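Trainee: Pasting final31.txt below, which is compact mmCIF, C-alpha atoms.
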# COMPACT_ATOMS: atom_id res chain seq x y z
CA LEU E 69 70.80 -30.06 129.93
CA ARG E 70 73.93 -30.98 128.06
CA LYS E 71 74.35 -31.08 124.33
CA ASN E 72 77.16 -32.08 122.01
CA VAL E 73 78.91 -29.53 119.91
CA GLU E 74 76.97 -29.05 116.71
CA ASP E 75 78.05 -27.67 113.40
CA PHE E 76 76.14 -24.74 111.94
CA THR E 77 76.69 -24.71 108.21
CA GLY E 78 75.24 -22.11 105.93
CA PRO E 79 76.06 -21.44 102.33
CA ARG E 80 79.15 -19.39 103.11
CA VAL E 81 80.00 -20.19 106.67
CA ARG E 82 81.18 -22.92 108.95
CA SER E 83 80.67 -22.28 112.63
CA ASP E 84 80.84 -24.31 115.77
CA LEU E 85 78.15 -24.03 118.33
CA GLY E 86 78.41 -25.55 121.73
CA PHE E 87 75.41 -25.66 123.98
CA VAL E 88 76.78 -26.82 127.23
CA THR E 89 74.13 -25.90 129.71
CA PHE E 90 71.12 -23.74 130.04
CA ASP E 91 68.62 -23.05 132.76
CA ILE E 92 65.07 -22.06 132.28
CA THR E 93 62.82 -20.49 134.84
CA ALA E 94 59.28 -19.36 134.26
CA ASP E 95 58.31 -16.29 136.22
CA ILE E 96 54.83 -16.17 137.75
CA LEU E 97 54.36 -12.42 137.25
CA GLY E 98 51.83 -11.28 134.69
CA GLY E 99 52.13 -13.04 131.36
CA ARG E 100 53.97 -16.29 131.12
CA LYS E 101 57.55 -15.30 130.93
CA GLY E 102 60.50 -17.54 130.29
CA MET E 103 64.12 -16.72 130.99
CA VAL E 104 66.70 -18.61 129.10
CA PHE E 105 70.36 -18.98 129.96
CA PHE E 106 72.73 -20.48 127.51
CA LEU E 107 76.36 -21.07 126.84
CA THR E 108 77.37 -20.81 123.24
CA CYS E 109 80.61 -20.86 121.36
CA ILE E 110 80.33 -19.44 117.87
CA HIS E 111 82.95 -19.09 115.19
CA LEU E 112 82.07 -17.13 112.07
CA GLN E 113 85.33 -16.36 110.37
CA SER E 114 84.80 -17.50 106.81
CA ILE E 115 81.70 -15.42 106.18
CA PHE E 116 83.51 -12.08 106.37
CA ASP E 117 84.54 -11.51 102.77
CA TRP E 118 85.31 -8.14 101.17
CA ASN E 119 81.66 -7.24 100.72
CA VAL E 120 80.45 -8.13 104.20
CA LYS E 121 80.20 -5.06 106.41
CA GLN E 122 78.61 -6.72 109.41
CA LEU E 123 76.54 -9.62 110.63
CA PHE E 124 73.42 -9.13 112.66
CA LEU E 125 73.25 -12.27 114.78
CA TYR E 126 70.14 -13.23 116.64
CA LEU E 127 68.98 -16.15 118.73
CA SER E 128 65.29 -16.80 118.35
CA ALA E 129 62.87 -19.14 120.03
CA GLU E 130 60.15 -20.69 117.89
CA TYR E 131 57.15 -22.55 119.22
CA SER E 132 53.47 -23.22 118.81
CA THR E 133 50.67 -22.56 121.29
CA LYS E 134 46.93 -22.97 121.57
CA ASN E 135 46.53 -19.26 120.85
CA ASN E 136 48.94 -18.97 117.96
CA ALA E 137 50.10 -21.52 115.42
CA LEU E 138 53.52 -19.87 115.13
CA ASN E 139 55.44 -17.75 117.58
CA GLN E 140 58.93 -16.43 117.12
CA VAL E 141 60.72 -14.41 119.77
CA VAL E 142 64.21 -12.98 119.47
CA LEU E 143 65.93 -13.61 122.79
CA TRP E 144 69.31 -12.14 122.07
CA ASP E 145 71.06 -10.30 119.29
CA LYS E 146 74.47 -8.93 118.52
CA ILE E 147 76.05 -6.84 115.82
CA MET E 148 79.39 -8.19 114.67
CA LEU E 149 81.37 -5.82 112.51
CA ARG E 150 84.04 -6.87 110.05
CA GLY E 151 87.23 -6.75 112.03
CA ASP E 152 85.60 -7.73 115.33
CA ASN E 153 86.74 -10.96 116.88
CA PRO E 154 84.83 -13.62 114.92
CA ARG E 155 84.95 -16.03 117.86
CA LEU E 156 82.19 -15.54 120.37
CA PHE E 157 82.34 -17.38 123.64
CA LEU E 158 79.34 -16.34 125.67
CA LYS E 159 78.84 -17.83 129.06
CA ASP E 160 75.69 -17.82 131.12
CA MET E 161 73.97 -15.25 128.98
CA LYS E 162 70.58 -13.98 130.01
CA SER E 163 68.08 -13.35 127.28
CA LYS E 164 68.32 -9.72 126.21
CA TYR E 165 64.62 -9.31 125.58
CA PHE E 166 61.82 -10.48 127.75
CA PHE E 167 60.49 -13.77 126.56
CA PHE E 168 56.79 -13.05 126.91
CA ASP E 169 54.29 -15.28 125.23
CA ASP E 170 51.02 -13.95 123.81
CA GLY E 171 49.03 -15.88 126.37
CA ASN E 172 49.92 -18.83 128.54
CA GLY E 173 51.55 -20.99 125.96
CA LEU E 174 54.95 -21.51 127.58
CA LYS E 175 53.79 -23.57 130.51
CA GLY E 176 54.40 -27.22 129.83
CA ASN E 177 55.52 -26.44 126.29
CA ARG E 178 58.01 -29.12 125.35
CA ASN E 179 58.66 -27.87 121.87
CA VAL E 180 60.35 -24.53 122.11
CA THR E 181 63.20 -24.48 119.64
CA LEU E 182 66.13 -22.09 119.77
CA THR E 183 67.92 -21.27 116.53
CA LEU E 184 70.77 -18.94 115.73
CA SER E 185 70.42 -16.89 112.57
CA TRP E 186 72.15 -13.94 111.02
CA ASN E 187 71.50 -11.15 108.57
CA VAL E 188 74.46 -10.54 106.32
CA VAL E 189 74.81 -6.79 105.76
CA PRO E 190 77.02 -6.11 102.76
CA ASN E 191 78.81 -2.91 101.85
CA ALA E 192 76.33 -2.86 99.01
CA GLY E 193 73.91 -5.41 97.65
CA ILE E 194 71.46 -8.00 98.86
CA LEU E 195 70.63 -8.53 102.54
CA PRO E 196 70.29 -12.30 103.02
CA LEU E 197 69.00 -13.94 106.16
CA VAL E 198 70.77 -17.17 106.99
CA THR E 199 69.65 -19.69 109.57
CA GLY E 200 72.19 -21.90 111.22
CA SER E 201 71.44 -25.57 110.72
CA GLY E 202 71.63 -26.63 114.34
CA HIS E 203 68.90 -25.99 116.84
CA VAL E 204 68.18 -26.80 120.44
CA SER E 205 64.90 -27.71 122.04
CA VAL E 206 64.06 -26.05 125.31
CA PRO E 207 61.23 -27.69 127.25
CA PHE E 208 59.39 -25.48 129.69
CA PRO E 209 58.20 -26.93 132.99
CA ASP E 210 54.56 -27.59 133.84
CA THR E 211 54.57 -25.33 136.87
CA TYR E 212 55.47 -21.75 137.54
CA GLU E 213 58.22 -20.73 139.92
CA THR E 214 57.18 -18.45 142.70
CA THR E 215 60.55 -16.77 143.13
CA LYS E 216 62.59 -14.95 140.54
CA SER E 217 65.93 -16.63 140.04
CA TYR E 218 67.65 -14.16 137.71
CA LEU J 237 63.60 4.43 99.78
CA VAL J 238 66.32 6.58 101.30
CA SER J 239 67.18 5.89 104.90
CA PHE J 240 67.26 9.12 106.84
CA SER J 241 67.55 8.19 110.49
CA GLY J 242 70.32 6.51 112.41
CA SER J 243 68.14 3.94 114.12
CA MET J 244 69.42 1.06 112.01
CA GLU J 245 73.11 1.83 112.30
CA PRO J 246 75.61 0.47 111.74
CA ALA J 247 73.80 -1.48 109.03
CA PHE J 248 72.25 1.53 107.31
CA HIS J 249 73.31 5.12 107.57
CA ARG J 250 71.61 8.30 106.64
CA GLY J 251 71.54 8.65 102.89
CA ASP J 252 71.71 4.94 102.09
CA LEU J 253 69.38 3.82 99.38
CA LEU J 254 67.26 0.76 100.23
CA PHE J 255 65.67 -1.64 97.78
CA LEU J 256 62.33 -3.05 98.83
CA THR J 257 59.97 -5.78 97.75
CA ASN J 258 56.35 -5.95 98.72
CA ARG J 259 55.12 -9.43 98.00
CA ILE J 260 52.09 -9.95 100.20
CA GLU J 261 52.56 -13.71 100.22
CA ASP J 262 56.02 -13.40 101.80
CA PRO J 263 55.62 -14.43 105.43
CA ILE J 264 56.79 -12.00 108.10
CA ARG J 265 59.49 -13.62 110.21
CA VAL J 266 61.83 -12.42 112.93
CA GLY J 267 65.10 -10.95 111.77
CA GLU J 268 63.61 -9.45 108.63
CA ILE J 269 63.86 -5.75 107.98
CA VAL J 270 60.42 -4.36 107.28
CA VAL J 271 59.23 -0.95 106.19
CA PHE J 272 56.03 0.03 107.92
CA ARG J 273 53.79 3.03 108.45
CA ILE J 274 52.06 3.90 111.65
CA GLU J 275 48.41 4.86 111.20
CA GLY J 276 48.10 8.57 110.82
CA ARG J 277 51.80 9.13 110.13
CA GLU J 278 53.27 9.76 106.75
CA ILE J 279 56.85 8.76 107.25
CA PRO J 280 57.63 5.05 106.89
CA ILE J 281 60.00 3.40 109.36
CA VAL J 282 62.59 0.78 108.48
CA HIS J 283 63.24 -1.56 111.42
CA ARG J 284 63.82 -5.23 112.22
CA VAL J 285 61.14 -7.70 113.32
CA LEU J 286 61.71 -8.80 116.92
CA LYS J 287 58.67 -10.91 117.73
CA ILE J 288 55.80 -12.51 115.85
CA HIS J 289 52.61 -14.29 116.87
CA GLU J 290 50.79 -15.80 113.93
CA LYS J 291 47.45 -17.58 113.98
CA GLN J 292 46.51 -20.64 111.97
CA ASN J 293 44.58 -18.51 109.48
CA GLY J 294 47.58 -16.29 108.76
CA ASP J 295 46.60 -13.32 110.95
CA ILE J 296 49.82 -12.04 112.40
CA LYS J 297 50.86 -9.48 114.94
CA PHE J 298 54.46 -8.48 115.32
CA LEU J 299 56.85 -6.18 117.13
CA THR J 300 59.77 -4.25 115.66
CA LYS J 301 62.94 -2.59 116.89
CA GLY J 302 65.68 -0.50 115.36
CA ASP J 303 69.10 -2.15 115.63
CA ASN J 304 70.57 0.99 117.12
CA ASN J 305 67.72 1.58 119.58
CA ALA J 306 67.83 0.35 123.14
CA VAL J 307 64.13 -0.48 123.26
CA ASP J 308 61.54 -1.87 120.90
CA ASP J 309 59.21 0.31 118.87
CA ARG J 310 56.16 0.20 121.12
CA GLY J 311 56.87 3.83 122.03
CA LEU J 312 56.56 4.75 118.36
CA TYR J 313 53.28 3.01 117.69
CA LYS J 314 49.94 4.71 118.06
CA ARG J 315 48.66 5.17 121.61
CA GLY J 316 47.25 1.86 122.80
CA GLN J 317 48.76 0.00 119.87
CA HIS J 318 51.04 -2.84 120.95
CA TRP J 319 51.57 -4.65 117.69
CA LEU J 320 51.94 -4.12 114.00
CA GLU J 321 49.89 -6.04 111.47
CA LYS J 322 50.29 -7.04 107.85
CA LYS J 323 48.34 -4.01 106.74
CA ASP J 324 50.95 -1.69 108.25
CA VAL J 325 53.73 -3.13 106.11
CA VAL J 326 54.82 -1.16 103.10
CA GLY J 327 57.69 -3.37 102.04
CA ARG J 328 60.64 -5.54 102.99
CA ALA J 329 64.25 -4.35 102.66
CA ARG J 330 66.05 -6.78 100.39
CA GLY J 331 69.16 -4.86 99.46
CA PHE J 332 70.75 -1.48 99.60
CA VAL J 333 73.31 0.79 98.09
CA PRO J 334 75.21 3.16 100.30
CA TYR J 335 74.33 6.18 98.26
CA ILE J 336 75.81 9.32 99.62
CA GLY J 337 77.72 7.34 102.20
CA ILE J 338 80.07 5.70 99.75
CA VAL J 339 81.98 8.87 99.05
CA THR J 340 82.78 9.39 102.72
CA ILE J 341 83.73 5.73 103.13
CA LEU J 342 86.17 5.91 100.26
CA MET J 343 87.63 9.10 101.60
CA ASN J 344 88.07 7.43 104.97
CA ASP J 345 89.64 4.22 103.73
CA TYR J 346 91.79 5.68 101.04
CA PRO J 347 93.42 8.93 102.10
CA LYS J 348 94.87 9.33 98.62
CA PHE J 349 91.32 9.39 97.29
CA LYS J 350 90.40 12.03 99.83
CA TYR J 351 93.33 14.21 98.77
CA ALA J 352 92.45 13.69 95.13
CA VAL J 353 88.85 14.75 95.81
CA LEU J 354 89.99 17.79 97.77
CA PHE J 355 92.55 18.62 95.09
CA LEU J 356 89.91 18.36 92.36
CA LEU J 357 87.49 20.45 94.39
CA GLY J 358 90.23 23.02 94.84
CA LEU J 359 90.91 23.06 91.12
CA PHE J 360 87.23 23.37 90.43
CA VAL J 361 86.97 26.40 92.69
CA LEU J 362 90.01 28.02 91.09
CA VAL J 363 88.76 27.41 87.59
CA HIS J 364 85.36 28.81 88.42
CA ARG J 365 86.78 31.91 89.96
CA GLU J 366 88.33 32.82 86.68
Would you mind writing the structure in this file as structure tokens?

Mentor:
Amino acid sequence: LRKNVEDFTGPRVRSDLGFVTFDITADILGGRKGMVFFLTCIHLQSIFDWNVKQLFLYLSAEYSTKNNALNQVVLWDKIMLRGDNPRLFLKDMKSKYFFFDDGNGLKGNRNVTLTLSWNVVPNAGILPLVTGSGHVSVPFPDTYETTKSY
Amino acid sequence: LVSFSGSMEPAFHRGDLLFLTNRIEDPIRVGEIVVFRIEGREIPIVHRVLKIHEKQNGDIKFLTKGDNNAVDDRGLYKRGQHWLEKKDVVGRARGFVPYIGIVTILMNDYPKFKYAVLFLLGLFVLVHRE
């Protein structure tokens, strides 16, 4: 699946996000597990002002199932300290945490949405959560795969 | 609430002072830092929400993890407990002040400040001896 480069704009940040390709396989073992690969290019320079100590970035999948009206699963996270390279170019990343559903709600689910968000951790003060404005939909197939392709 | 473990580093360090809110109507969402208590344990834990499954009627079960921990908190929960619920939540971390930490940070970033502190401490000791 190919997507155009999208802009993420939050109140204090301008970042580029490129979703070039991602693969999804559903594993037949136990609960209904989804593995998500993605390629992202993120640029978060302007958010690091004098009072920003770090950003806690996380990619979360949000979807609805018969069992639960709202599900949110963090697939990947990263701590970016002030001074770290603010450009992230991550290729073919596997999800860091197992994407288990509470039930069988991933099969045939066309409406799984991935969003990138971050928690701004200041040197002192408020801890805001900011959600990037772009998002990508990840449709899961109707059938399970019998072999693991990780 | 004073943070006393290192499981949320590098965001919070031991000695940091956290400010919490506890509005029941605030929905629990991933990425938030919640303060919760495990049944039968006194000490509250401050970790980040990793996963939520919420029903139409608002019943929610969620999983947490410390930023600095390699695994999620299931090992910390009660035996047989896989999820936290709204009733386990004591508050949400909205802000913090690096309480004791700030002095060491300043001393690290500004060596002149460190020398001044040491110099003053030295003076203090001398004056007291007399």

Trainee: To one decimal in Å, tell me the separation between CA of Thr300 in chain J and CA of Phe272 in chain J.

Mentor: 9.6 Å

Trainee: I'd like to know which of E:Phe116, E:Phe168, E:Trp144, E:Tyr131 is closest to Asn191 in chain E, using only C-alpha atoms.

Mentor: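 Among the listed residues, E:Phe116 lies closest to Asn191 in chain E.
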
Trainee: Mind checking which residues fall within 7 Å of range 312-327 of chain J, counting all atoms listed in the file, ignoring those fewer than 5 positions away in the same chain, and posting them as a PDB file with C-alpha atoms, in the frame of the given file?

Mentor:
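Printed below is out.pdb as written:
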ATOM      1  CA  LEU J 256      62.330  -3.050  98.830  1.00  0.00           C
ATOM      2  CA  THR J 257      59.970  -5.780  97.750  1.00  0.00           C
ATOM      3  CA  ASN J 258      56.350  -5.950  98.720  1.00  0.00           C
ATOM      4  CA  VAL J 270      60.420  -4.360 107.280  1.00  0.00           C
ATOM      5  CA  VAL J 271      59.230  -0.950 106.190  1.00  0.00           C
ATOM      6  CA  PHE J 272      56.030   0.030 107.920  1.00  0.00           C
ATOM      7  CA  ARG J 273      53.790   3.030 108.450  1.00  0.00           C
ATOM      8  CA  ILE J 274      52.060   3.900 111.650  1.00  0.00           C
ATOM      9  CA  ILE J 296      49.820 -12.040 112.400  1.00  0.00           C
ATOM     10  CA  LYS J 297      50.860  -9.480 114.940  1.00  0.00           C
ATOM     11  CA  PHE J 298      54.460  -8.480 115.320  1.00  0.00           C
ATOM     12  CA  LEU J 299      56.850  -6.180 117.130  1.00  0.00           C
TER      13      LEU J 299
END

Trainee: Between E:Val198, E:Val204, E:Val180, E:Ala192, which is the closest to Phe255 in chain J once you count all atoms listed in the file?

Mentor: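 The answer is E:Ala192, which sits nearest to Phe255 in chain J.
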
Trainee: Of the residues J:Lys287, J:Gly311, J:Leu253, J:Arg277, which is the one nearest to chain E, using only C-alpha atoms?

Mentor: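 When distances to chain E are compared using only C-alpha atoms, the smallest one comes from J:Lys287.
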
Trainee: What residues in chain E lie within 12 Å of chain J, counting all atoms listed in the file, written as a PDB file with C-alpha atoms, keeping the file's coordinate frame?

Mentor:
ATOM      1  CA  ASN E 119      81.660  -7.240 100.720  1.00  0.00           C
ATOM      2  CA  VAL E 120      80.450  -8.130 104.200  1.00  0.00           C
ATOM      3  CA  LYS E 121      80.200  -5.060 106.410  1.00  0.00           C
ATOM      4  CA  GLN E 122      78.610  -6.720 109.410  1.00  0.00           C
ATOM      5  CA  LEU E 123      76.540  -9.620 110.630  1.00  0.00           C
ATOM      6  CA  PHE E 124      73.420  -9.130 112.660  1.00  0.00           C
ATOM      7  CA  LEU E 125      73.250 -12.270 114.780  1.00  0.00           C
ATOM      8  CA  TYR E 126      70.140 -13.230 116.640  1.00  0.00           C
ATOM      9  CA  LEU E 127      68.980 -16.150 118.730  1.00  0.00           C
ATOM     10  CA  SER E 128      65.290 -16.800 118.350  1.00  0.00           C
ATOM     11  CA  ALA E 129      62.870 -19.140 120.030  1.00  0.00           C
ATOM     12  CA  GLU E 130      60.150 -20.690 117.890  1.00  0.00           C
ATOM     13  CA  TYR E 131      57.150 -22.550 119.220  1.00  0.00           C
ATOM     14  CA  SER E 132      53.470 -23.220 118.810  1.00  0.00           C
ATOM     15  CA  THR E 133      50.670 -22.560 121.290  1.00  0.00           C
ATOM     16  CA  LYS E 134      46.930 -22.970 121.570  1.00  0.00           C
ATOM     17  CA  ASN E 135      46.530 -19.260 120.850  1.00  0.00           C
ATOM     18  CA  ASN E 136      48.940 -18.970 117.960  1.00  0.00           C
ATOM     19  CA  ALA E 137      50.100 -21.520 115.420  1.00  0.00           C
ATOM     20  CA  LEU E 138      53.520 -19.870 115.130  1.00  0.00           C
ATOM     21  CA  ASN E 139      55.440 -17.750 117.580  1.00  0.00           C
ATOM     22  CA  GLN E 140      58.930 -16.430 117.120  1.00  0.00           C
ATOM     23  CA  VAL E 141      60.720 -14.410 119.770  1.00  0.00           C
ATOM     24  CA  VAL E 142      64.210 -12.980 119.470  1.00  0.00           C
ATOM     25  CA  LEU E 143      65.930 -13.610 122.790  1.00  0.00           C
ATOM     26  CA  TRP E 144      69.310 -12.140 122.070  1.00  0.00           C
ATOM     27  CA  ASP E 145      71.060 -10.300 119.290  1.00  0.00           C
ATOM     28  CA  LYS E 146      74.470  -8.930 118.520  1.00  0.00           C
ATOM     29  CA  ILE E 147      76.050  -6.840 115.820  1.00  0.00           C
ATOM     30  CA  MET E 148      79.390  -8.190 114.670  1.00  0.00           C
ATOM     31  CA  LEU E 149      81.370  -5.820 112.510  1.00  0.00           C
ATOM     32  CA  ARG E 150      84.040  -6.870 110.050  1.00  0.00           C
ATOM     33  CA  LYS E 164      68.320  -9.720 126.210  1.00  0.00           C
ATOM     34  CA  TYR E 165      64.620  -9.310 125.580  1.00  0.00           C
ATOM     35  CA  PHE E 166      61.820 -10.480 127.750  1.00  0.00           C
ATOM     36  CA  PHE E 167      60.490 -13.770 126.560  1.00  0.00           C
ATOM     37  CA  PHE E 168      56.790 -13.050 126.910  1.00  0.00           C
ATOM     38  CA  ASP E 169      54.290 -15.280 125.230  1.00  0.00           C
ATOM     39  CA  ASP E 170      51.020 -13.950 123.810  1.00  0.00           C
ATOM     40  CA  GLY E 171      49.030 -15.880 126.370  1.00  0.00           C
ATOM     41  CA  GLY E 173      51.550 -20.990 125.960  1.00  0.00           C
ATOM     42  CA  THR E 183      67.920 -21.270 116.530  1.00  0.00           C
ATOM     43  CA  LEU E 184      70.770 -18.940 115.730  1.00  0.00           C
ATOM     44  CA  SER E 185      70.420 -16.890 112.570  1.00  0.00           C
ATOM     45  CA  TRP E 186      72.150 -13.940 111.020  1.00  0.00           C
ATOM     46  CA  ASN E 187      71.500 -11.150 108.570  1.00  0.00           C
ATOM     47  CA  VAL E 188      74.460 -10.540 106.320  1.00  0.00           C
ATOM     48  CA  VAL E 189      74.810  -6.790 105.760  1.00  0.00           C
ATOM     49  CA  PRO E 190      77.020  -6.110 102.760  1.00  0.00           C
ATOM     50  CA  ASN E 191      78.810  -2.910 101.850  1.00  0.00           C
ATOM     51  CA  ALA E 192      76.330  -2.860  99.010  1.00  0.00           C
ATOM     52  CA  GLY E 193      73.910  -5.410  97.650  1.00  0.00           C
ATOM     53  CA  ILE E 194      71.460  -8.000  98.860  1.00  0.00           C
ATOM     54  CA  LEU E 195      70.630  -8.530 102.540  1.00  0.00           C
ATOM     55  CA  PRO E 196      70.290 -12.300 103.020  1.00  0.00           C
ATOM     56  CA  LEU E 197      69.000 -13.940 106.160  1.00  0.00           C
ATOM     57  CA  VAL E 198      70.770 -17.170 106.990  1.00  0.00           C
ATOM     58  CA  THR E 199      69.650 -19.690 109.570  1.00  0.00           C
TER      59      THR E 199
END

Trainee: Please, what distance in Å, to one decimal, runs between CA of Gly200 in chain E and CA of Ile115 in chain E?

Mentor: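 Atom-to-atom, CA of Gly200 in chain E to CA of Ile115 in chain E, that is 12.6 Å.
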
Trainee: Mind checking which residues fall within 6 Å of Lys301 in chain J, counting all atoms listed in the file, ignoring those fewer than 3 positions away in the same chain, and posting them as number ranges by chain?

Mentor: J: 283-284, 308-309

Trainee: For the atom pair CA of Phe208 in chain E and CA of Asn179 in chain E, what is the interatomic distance in Å to one decimal place?

Mentor: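 Separation of CA of Phe208 in chain E and CA of Asn179 in chain E: 8.2 Å.
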